[in-house]
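Everything below belongs to model-v9.txt, which stores compact mmCIF, N, CA and C atoms.
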```txt
# COMPACT_ATOMS: atom_id res chain seq x y z
N MET A 1 -9.11 5.29 -17.36
CA MET A 1 -8.74 6.17 -18.45
C MET A 1 -8.26 5.30 -19.61
N PRO A 2 -8.88 5.37 -20.75
CA PRO A 2 -8.47 4.54 -21.89
C PRO A 2 -7.04 4.83 -22.33
N GLY A 3 -6.37 3.77 -22.78
CA GLY A 3 -5.03 3.95 -23.32
C GLY A 3 -3.91 3.84 -22.30
N LEU A 4 -4.23 3.65 -21.03
CA LEU A 4 -3.19 3.51 -20.01
C LEU A 4 -3.11 2.05 -19.59
N ASP A 5 -1.95 1.46 -19.80
CA ASP A 5 -1.74 0.09 -19.39
C ASP A 5 -1.14 0.05 -17.99
N PRO A 6 -1.40 -1.02 -17.24
CA PRO A 6 -0.77 -1.16 -15.93
C PRO A 6 0.75 -1.19 -16.08
N VAL A 7 1.43 -0.70 -15.06
CA VAL A 7 2.89 -0.71 -15.07
C VAL A 7 3.39 -1.47 -13.84
N ALA A 8 4.52 -2.11 -14.01
CA ALA A 8 5.15 -2.81 -12.89
C ALA A 8 5.95 -1.82 -12.06
N MET A 9 5.93 -2.02 -10.76
CA MET A 9 6.74 -1.20 -9.88
C MET A 9 8.20 -1.67 -10.00
N VAL A 10 9.12 -0.75 -9.83
CA VAL A 10 10.54 -1.07 -9.94
C VAL A 10 10.94 -1.95 -8.75
N PRO A 11 11.49 -3.14 -9.01
CA PRO A 11 11.77 -4.08 -7.92
C PRO A 11 12.62 -3.51 -6.79
N THR A 12 13.66 -2.74 -7.10
CA THR A 12 14.50 -2.19 -6.03
C THR A 12 13.74 -1.19 -5.18
N LEU A 13 12.91 -0.38 -5.79
CA LEU A 13 12.10 0.58 -5.02
C LEU A 13 11.08 -0.15 -4.17
N ARG A 14 10.42 -1.13 -4.78
CA ARG A 14 9.42 -1.90 -4.03
C ARG A 14 10.05 -2.63 -2.86
N ALA A 15 11.22 -3.23 -3.08
CA ALA A 15 11.91 -3.95 -2.01
C ALA A 15 12.31 -3.01 -0.88
N THR A 16 12.72 -1.81 -1.22
CA THR A 16 13.08 -0.82 -0.20
C THR A 16 11.86 -0.45 0.63
N LEU A 17 10.73 -0.20 -0.02
CA LEU A 17 9.50 0.13 0.73
C LEU A 17 9.06 -1.04 1.59
N GLU A 18 9.17 -2.26 1.08
CA GLU A 18 8.80 -3.44 1.86
C GLU A 18 9.71 -3.59 3.08
N SER A 19 11.00 -3.39 2.89
CA SER A 19 11.95 -3.51 3.98
C SER A 19 11.66 -2.51 5.09
N TRP A 20 11.42 -1.27 4.70
CA TRP A 20 11.15 -0.25 5.71
C TRP A 20 9.75 -0.36 6.29
N SER A 21 8.83 -0.92 5.54
CA SER A 21 7.50 -1.19 6.11
C SER A 21 7.64 -2.19 7.25
N GLU A 22 8.45 -3.21 7.03
CA GLU A 22 8.67 -4.21 8.09
C GLU A 22 9.40 -3.59 9.28
N ALA A 23 10.36 -2.71 9.02
CA ALA A 23 11.10 -2.08 10.11
C ALA A 23 10.21 -1.15 10.94
N VAL A 24 9.33 -0.42 10.27
CA VAL A 24 8.47 0.55 10.95
C VAL A 24 7.24 -0.12 11.58
N SER A 25 6.66 -1.08 10.88
CA SER A 25 5.43 -1.75 11.34
C SER A 25 5.57 -3.26 11.18
N PRO A 26 6.37 -3.89 12.02
CA PRO A 26 6.64 -5.33 11.87
C PRO A 26 5.36 -6.17 11.80
N GLY A 27 5.27 -6.95 10.73
CA GLY A 27 4.13 -7.85 10.57
C GLY A 27 2.80 -7.19 10.27
N ARG A 28 2.78 -5.87 10.12
CA ARG A 28 1.51 -5.17 9.91
C ARG A 28 1.37 -4.62 8.49
N TRP A 29 2.17 -5.04 7.58
CA TRP A 29 2.11 -4.55 6.20
C TRP A 29 1.91 -5.76 5.29
N ARG A 30 1.57 -5.48 4.05
CA ARG A 30 1.45 -6.55 3.07
C ARG A 30 1.68 -6.01 1.67
N HIS A 31 2.09 -6.90 0.80
CA HIS A 31 2.30 -6.57 -0.61
C HIS A 31 0.91 -6.57 -1.27
N LEU A 32 0.60 -5.51 -1.99
CA LEU A 32 -0.69 -5.41 -2.66
C LEU A 32 -0.50 -5.26 -4.16
N LEU A 33 -1.41 -5.84 -4.89
CA LEU A 33 -1.49 -5.58 -6.33
C LEU A 33 -2.62 -4.58 -6.51
N SER A 34 -2.38 -3.53 -7.25
CA SER A 34 -3.40 -2.52 -7.46
C SER A 34 -3.76 -2.48 -8.94
N GLY A 35 -5.04 -2.64 -9.21
CA GLY A 35 -5.50 -2.56 -10.58
C GLY A 35 -5.96 -1.17 -10.97
N ALA A 36 -5.94 -0.28 -9.99
CA ALA A 36 -6.39 1.09 -10.26
C ALA A 36 -5.34 1.85 -11.06
N LEU A 37 -5.78 2.83 -11.80
CA LEU A 37 -4.85 3.67 -12.56
C LEU A 37 -4.44 4.86 -11.70
N HIS A 38 -3.32 4.72 -11.05
CA HIS A 38 -2.79 5.77 -10.19
C HIS A 38 -1.86 6.67 -10.99
N ASP A 39 -1.43 7.74 -10.35
CA ASP A 39 -0.47 8.64 -10.99
C ASP A 39 0.78 7.90 -11.43
N ALA A 40 1.11 6.82 -10.72
CA ALA A 40 2.31 6.07 -11.07
C ALA A 40 2.27 5.58 -12.51
N THR A 41 1.09 5.34 -13.04
CA THR A 41 0.97 4.89 -14.43
C THR A 41 1.55 5.92 -15.38
N ASN A 42 1.26 7.19 -15.13
CA ASN A 42 1.79 8.26 -15.98
C ASN A 42 3.24 8.59 -15.64
N VAL A 43 3.56 8.63 -14.36
CA VAL A 43 4.91 9.00 -13.93
C VAL A 43 5.93 7.96 -14.41
N ALA A 44 5.51 6.69 -14.49
CA ALA A 44 6.43 5.62 -14.90
C ALA A 44 7.00 5.85 -16.29
N ARG A 45 6.36 6.67 -17.07
CA ARG A 45 6.90 7.00 -18.39
C ARG A 45 8.15 7.88 -18.29
N LEU A 46 8.32 8.53 -17.14
CA LEU A 46 9.40 9.48 -16.96
C LEU A 46 10.48 9.04 -15.98
N MET A 47 10.10 8.18 -15.02
CA MET A 47 11.05 7.79 -13.98
C MET A 47 10.59 6.50 -13.31
N PRO A 48 11.49 5.86 -12.56
CA PRO A 48 11.11 4.64 -11.84
C PRO A 48 10.04 4.94 -10.79
N VAL A 49 9.12 3.98 -10.59
CA VAL A 49 8.03 4.19 -9.64
C VAL A 49 7.83 3.00 -8.71
N ALA A 50 7.27 3.30 -7.56
CA ALA A 50 6.74 2.32 -6.61
C ALA A 50 5.68 3.06 -5.82
N MET A 51 4.75 2.33 -5.24
CA MET A 51 3.68 2.97 -4.48
C MET A 51 3.63 2.42 -3.06
N LEU A 52 3.22 3.28 -2.15
CA LEU A 52 3.04 2.92 -0.76
C LEU A 52 1.64 3.35 -0.37
N PHE A 53 0.84 2.43 0.12
CA PHE A 53 -0.50 2.75 0.58
C PHE A 53 -0.53 2.70 2.10
N VAL A 54 -1.32 3.55 2.71
CA VAL A 54 -1.61 3.46 4.13
C VAL A 54 -3.10 3.15 4.27
N PRO A 55 -3.50 2.44 5.33
CA PRO A 55 -4.90 2.02 5.43
C PRO A 55 -5.86 3.18 5.68
N SER A 56 -7.01 3.08 5.07
CA SER A 56 -8.09 4.04 5.33
C SER A 56 -8.97 3.49 6.45
N ILE A 57 -9.42 4.35 7.32
CA ILE A 57 -10.29 3.94 8.42
C ILE A 57 -11.55 3.30 7.85
N GLY A 58 -11.84 2.09 8.32
CA GLY A 58 -13.03 1.39 7.87
C GLY A 58 -12.94 0.91 6.43
N GLY A 59 -11.76 1.00 5.82
CA GLY A 59 -11.60 0.56 4.44
C GLY A 59 -12.24 1.48 3.41
N ILE A 60 -12.69 2.65 3.84
CA ILE A 60 -13.34 3.60 2.93
C ILE A 60 -12.26 4.34 2.16
N SER A 61 -12.29 4.19 0.84
CA SER A 61 -11.27 4.79 0.00
C SER A 61 -11.91 5.46 -1.21
N HIS A 62 -11.31 6.54 -1.67
CA HIS A 62 -11.79 7.27 -2.84
C HIS A 62 -13.22 7.76 -2.65
N ALA A 63 -13.49 8.28 -1.47
CA ALA A 63 -14.82 8.81 -1.16
C ALA A 63 -14.65 9.98 -0.18
N PHE A 64 -15.66 10.82 -0.10
CA PHE A 64 -15.59 11.97 0.80
C PHE A 64 -15.42 11.55 2.26
N ASP A 65 -15.88 10.37 2.62
CA ASP A 65 -15.77 9.89 3.99
C ASP A 65 -14.40 9.28 4.30
N GLU A 66 -13.52 9.22 3.31
CA GLU A 66 -12.20 8.61 3.52
C GLU A 66 -11.42 9.38 4.57
N ASP A 67 -10.75 8.62 5.44
CA ASP A 67 -9.89 9.21 6.47
C ASP A 67 -8.83 8.18 6.81
N THR A 68 -7.72 8.64 7.35
CA THR A 68 -6.62 7.76 7.75
C THR A 68 -6.17 8.15 9.13
N ASP A 69 -5.97 7.17 9.98
CA ASP A 69 -5.51 7.41 11.34
C ASP A 69 -4.14 8.09 11.30
N GLU A 70 -3.94 9.07 12.16
CA GLU A 70 -2.68 9.83 12.17
C GLU A 70 -1.47 8.92 12.37
N ALA A 71 -1.60 7.90 13.20
CA ALA A 71 -0.48 6.98 13.43
C ALA A 71 -0.09 6.26 12.14
N ASP A 72 -1.08 5.91 11.31
CA ASP A 72 -0.78 5.26 10.04
C ASP A 72 -0.13 6.23 9.06
N LEU A 73 -0.55 7.49 9.09
CA LEU A 73 0.10 8.50 8.24
C LEU A 73 1.56 8.69 8.64
N VAL A 74 1.79 8.77 9.94
CA VAL A 74 3.17 8.94 10.44
C VAL A 74 4.02 7.73 10.04
N ALA A 75 3.48 6.53 10.18
CA ALA A 75 4.22 5.33 9.80
C ALA A 75 4.56 5.37 8.31
N GLY A 76 3.61 5.78 7.47
CA GLY A 76 3.85 5.88 6.04
C GLY A 76 4.94 6.88 5.71
N VAL A 77 4.93 8.02 6.38
CA VAL A 77 5.97 9.03 6.15
C VAL A 77 7.33 8.51 6.61
N ARG A 78 7.35 7.78 7.71
CA ARG A 78 8.63 7.21 8.17
C ARG A 78 9.18 6.22 7.16
N VAL A 79 8.30 5.37 6.61
CA VAL A 79 8.74 4.40 5.60
C VAL A 79 9.32 5.13 4.40
N LEU A 80 8.61 6.15 3.92
CA LEU A 80 9.11 6.91 2.77
C LEU A 80 10.42 7.62 3.07
N ALA A 81 10.49 8.27 4.22
CA ALA A 81 11.71 9.01 4.57
C ALA A 81 12.91 8.09 4.68
N GLU A 82 12.75 6.97 5.37
CA GLU A 82 13.87 6.03 5.51
C GLU A 82 14.24 5.41 4.17
N GLY A 83 13.23 5.03 3.40
CA GLY A 83 13.49 4.42 2.09
C GLY A 83 14.21 5.37 1.15
N VAL A 84 13.72 6.57 1.04
CA VAL A 84 14.36 7.56 0.16
C VAL A 84 15.75 7.88 0.66
N GLY A 85 15.90 7.99 1.97
CA GLY A 85 17.21 8.27 2.55
C GLY A 85 18.22 7.19 2.20
N ARG A 86 17.81 5.95 2.21
CA ARG A 86 18.71 4.83 1.89
C ARG A 86 19.03 4.81 0.39
N LEU A 87 18.06 5.15 -0.42
CA LEU A 87 18.27 5.13 -1.87
C LEU A 87 19.18 6.26 -2.33
N THR A 88 19.16 7.37 -1.62
CA THR A 88 19.93 8.55 -2.06
C THR A 88 21.27 8.65 -1.33
N ALA A 89 21.49 7.79 -0.36
CA ALA A 89 22.75 7.85 0.43
C ALA A 89 23.91 7.31 -0.35
```
Would you give me this structure, written as structure tokens?
Amino acid sequence: MPGLDPVAMVPTLRATLESWSEAVSPGRWRHLLSGALHDATNVARLMPVAMLFVPSIGGISHAFDEDTDEADLVAGVRVLAEGVGRLTA
């Protein structure tokens, strides 16, 4: 989308997601740089942002065949729940 510049994720939010990713899935997560224009690009104008991705089966993303293993979805929700819980406590 023209006119949207990449935005940096807020370091404290990113660090919280990284910490809980390690707690929930030790050694199975990684820091990613995303060049795609996600909703975070627009939301960052209004509030602090960070993103959490979960793996797509077979690496298929942004397509009708995209799917995610239920265990990976649950792990992602756990990371978000713990991270948000720590930030709001």
If you run DSSP over the backbone, which residues in segment 11-83 of chain A end up alpha helix (DSSP H)? Put them as a PyMOL selection string. chain A and resi 11-24+39-43+70-83
Using all atoms listed in the file, pick whichever of A:Val43, A:Val49, A:Val84, A:Ala23 has the shortest atom-to-atom distance to Met9 of chain A.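 Selected residue with least distance to Met9 of chain A: A:Val49.
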My list of candidates is A:Leu37, A:Gly27, A:Leu80, A:Ala50. Which is closest to Ala8 of chain A when distances are computed with all atoms listed in the file?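 Residue with the minimum atom-to-atom distance to Ala8 of chain A: A:Ala50.
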Which residue, A:Ala44, A:Val7, A:Leu33, A:Leu52, has the smallest gap to Ala81 of chain A when you use only C-alpha atoms?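 Once distances to Ala81 of chain A are computed over only C-alpha atoms, the minimum belongs to A:Leu52.
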Protein/DNA/RNA residues near (7.2, 5.7, 2.6), cut 8 Å, only N, CA and C atoms, as a PyMOL selection string: chain A and resi 16-17+20-21+51-53+75-84
Students should find that atom CA of Ile57 of chain A and atom C of Ala40 of chain A are spaced 24.5 Å
